[in-house]
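> Below you'll find the structure I mean.
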Amino acid sequence: MIAAPFVGPLADRYSRKLIISLGAIFWSGLTLLTAVTHTYTELLIRHTLVGIGRRRLSPLRQRLWQIFLRSETRRILGVVLPGDPVGSAAGYLWAAI
């Protein structure tokens with residue numbers, strides 16, 4: 001959540017393909033490194049960095065949808081975009097049960 005606002009201005013200045021590619025590589029690499037985690041601190045740091053890598057893609061994804069989708073099709077974004085916060089809230093509720 002904290003990293004996402006910094007990605008928008010980067011996408012205006014640099015290639016979106018490059019930023020998406022680097023973000024996906026960063027995210028995937030850190031996900032793989034989680035397999036060799038030995039302590040809780042390592043797990044916490046790696047999952048924090050995975051979250052930052054994942055969030056880097058959100059502003060770019062929304063912008064690319066706006067560019068490539070027709071205006072009639074963009075209405076579906078009202079259904080798709082709330083998926084992240086609703087899914088997160090459902091996960092918290094499920095974990096609390």
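Chain labels A, B, ... are given in the sequence in which chains occur in the structure tokens; within each chain residues are numbered consecutively from 1, and ligands are likewise numbered from 1 in the order shown.
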For the interface of segment 41-63 of chain A with segment 68-81 of chain A (cut-off 10 Å, counting only C-alpha atoms), please tabulate each contacting residue of segment 41-63 of chain A alongside its nearest pair of atoms and their separation in Å to one decimal, rows sorted by chain and increasing number, as a tab-separated table.


residue	atom	partner	partner_atom	distance
A:Ser58	CA	A:Leu81	CA	9.6
A:Gln62	CA	A:Leu81	CA	8.3
A:Arg63	CA	A:Phe68	CA	8.8

> Find the residues near Arg55 of chain A: any atom within 12 Å, counting only C-alpha atoms, skip ones fewer than 2 places away on the same chain, and give them as a list in words.

Met1, Ile2, Ala3, Ala4, Pro5, Phe6, Val7, Gly8, Ile19, Ile20, Gly23, Ala24, Phe26, Trp27, Thr48, Leu49, Val50, Gly51, Ile52, Gly53, Leu57, Ser58, Pro59, Leu60, Arg61, Gln62 and Asp84 of chain A

> Can you write out the residues you just picked, keeping C-alpha atoms, as a CSV table (one decimal), in the first residue's frame?


chain,number,residue,atom,x,y,z
A,1,MET,CA,0.0,0.0,0.0
A,2,ILE,CA,2.9,2.4,0.8
A,3,ALA,CA,4.8,1.4,-2.4
A,4,ALA,CA,1.9,1.8,-4.8
A,5,PRO,CA,1.9,5.7,-5.0
A,6,PHE,CA,5.6,5.7,-6.0
A,7,VAL,CA,5.0,3.5,-9.0
A,8,GLY,CA,2.5,5.8,-10.8
A,19,ILE,CA,8.4,-1.7,-14.7
A,20,ILE,CA,5.9,-4.5,-15.0
A,23,GLY,CA,8.1,-6.0,-10.7
A,24,ALA,CA,7.2,-9.5,-11.7
A,26,PHE,CA,11.2,-9.1,-8.1
A,27,TRP,CA,7.9,-10.6,-6.8
A,48,THR,CA,6.9,-7.7,3.2
A,49,LEU,CA,9.1,-7.4,0.1
A,50,VAL,CA,6.7,-9.8,-1.8
A,51,GLY,CA,3.9,-7.4,-1.0
A,52,ILE,CA,5.8,-4.4,-2.2
A,53,GLY,CA,6.6,-6.3,-5.5
A,57,LEU,CA,1.9,-3.8,-10.5
A,58,SER,CA,-1.5,-2.5,-9.3
A,59,PRO,CA,-1.3,1.1,-10.6
A,60,LEU,CA,0.1,-0.1,-13.9
A,61,ARG,CA,-2.5,-2.7,-14.3
A,62,GLN,CA,-5.3,-0.2,-13.8
A,84,ASP,CA,-8.2,-7.0,-3.7

> Separation of atom CA of Arg54 of chain A and atom CA of Leu22 of chain A, in Å?

10.9 Å

> What does the distance between atom CA of His47 of chain A and atom CA of Arg16 of chain A come to in Å, to one decimal place?

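So the two atoms, atom CA of His47 of chain A and atom CA of Arg16 of chain A, lie 24.2 Å apart.
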
> Would you mind listing what lies within 10 Å of segment 34-37 of chain A as a PDB file with C-alpha atoms, in the first residue's frame, with only C-alpha atoms counted and same-chain residues fewer than 5 positions away left out?


ATOM      1  CA  GLY A  29      12.239 -14.106  -6.971  1.00  0.00           C
ATOM      2  CA  GLU A  42      13.307 -13.795   7.480  1.00  0.00           C
ATOM      3  CA  LEU A  43       9.745 -14.799   6.654  1.00  0.00           C
ATOM      4  CA  LEU A  44       8.403 -11.406   7.727  1.00  0.00           C
ATOM      5  CA  ILE A  45      10.980  -9.497   5.658  1.00  0.00           C
ATOM      6  CA  ARG A  46      10.483 -11.643   2.575  1.00  0.00           C
ATOM      7  CA  HIS A  47       6.695 -11.452   2.713  1.00  0.00           C
ATOM      8  CA  VAL A  50       6.739  -9.780  -1.834  1.00  0.00           C
TER       9      VAL A  50
END

> As an MDAnalysis selection string, please: every residue in chain A that DSSP puts in alpha helix (DSSP H).

chainID A and resid 4:13 16:33 40:55 57:68 77:80 83:96

> What is the distance between atom CA of Ile25 of chain A and atom CA of Asp12 of chain A, in Å to one decimal?

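Between these atoms lies a distance of 20.4 Å.
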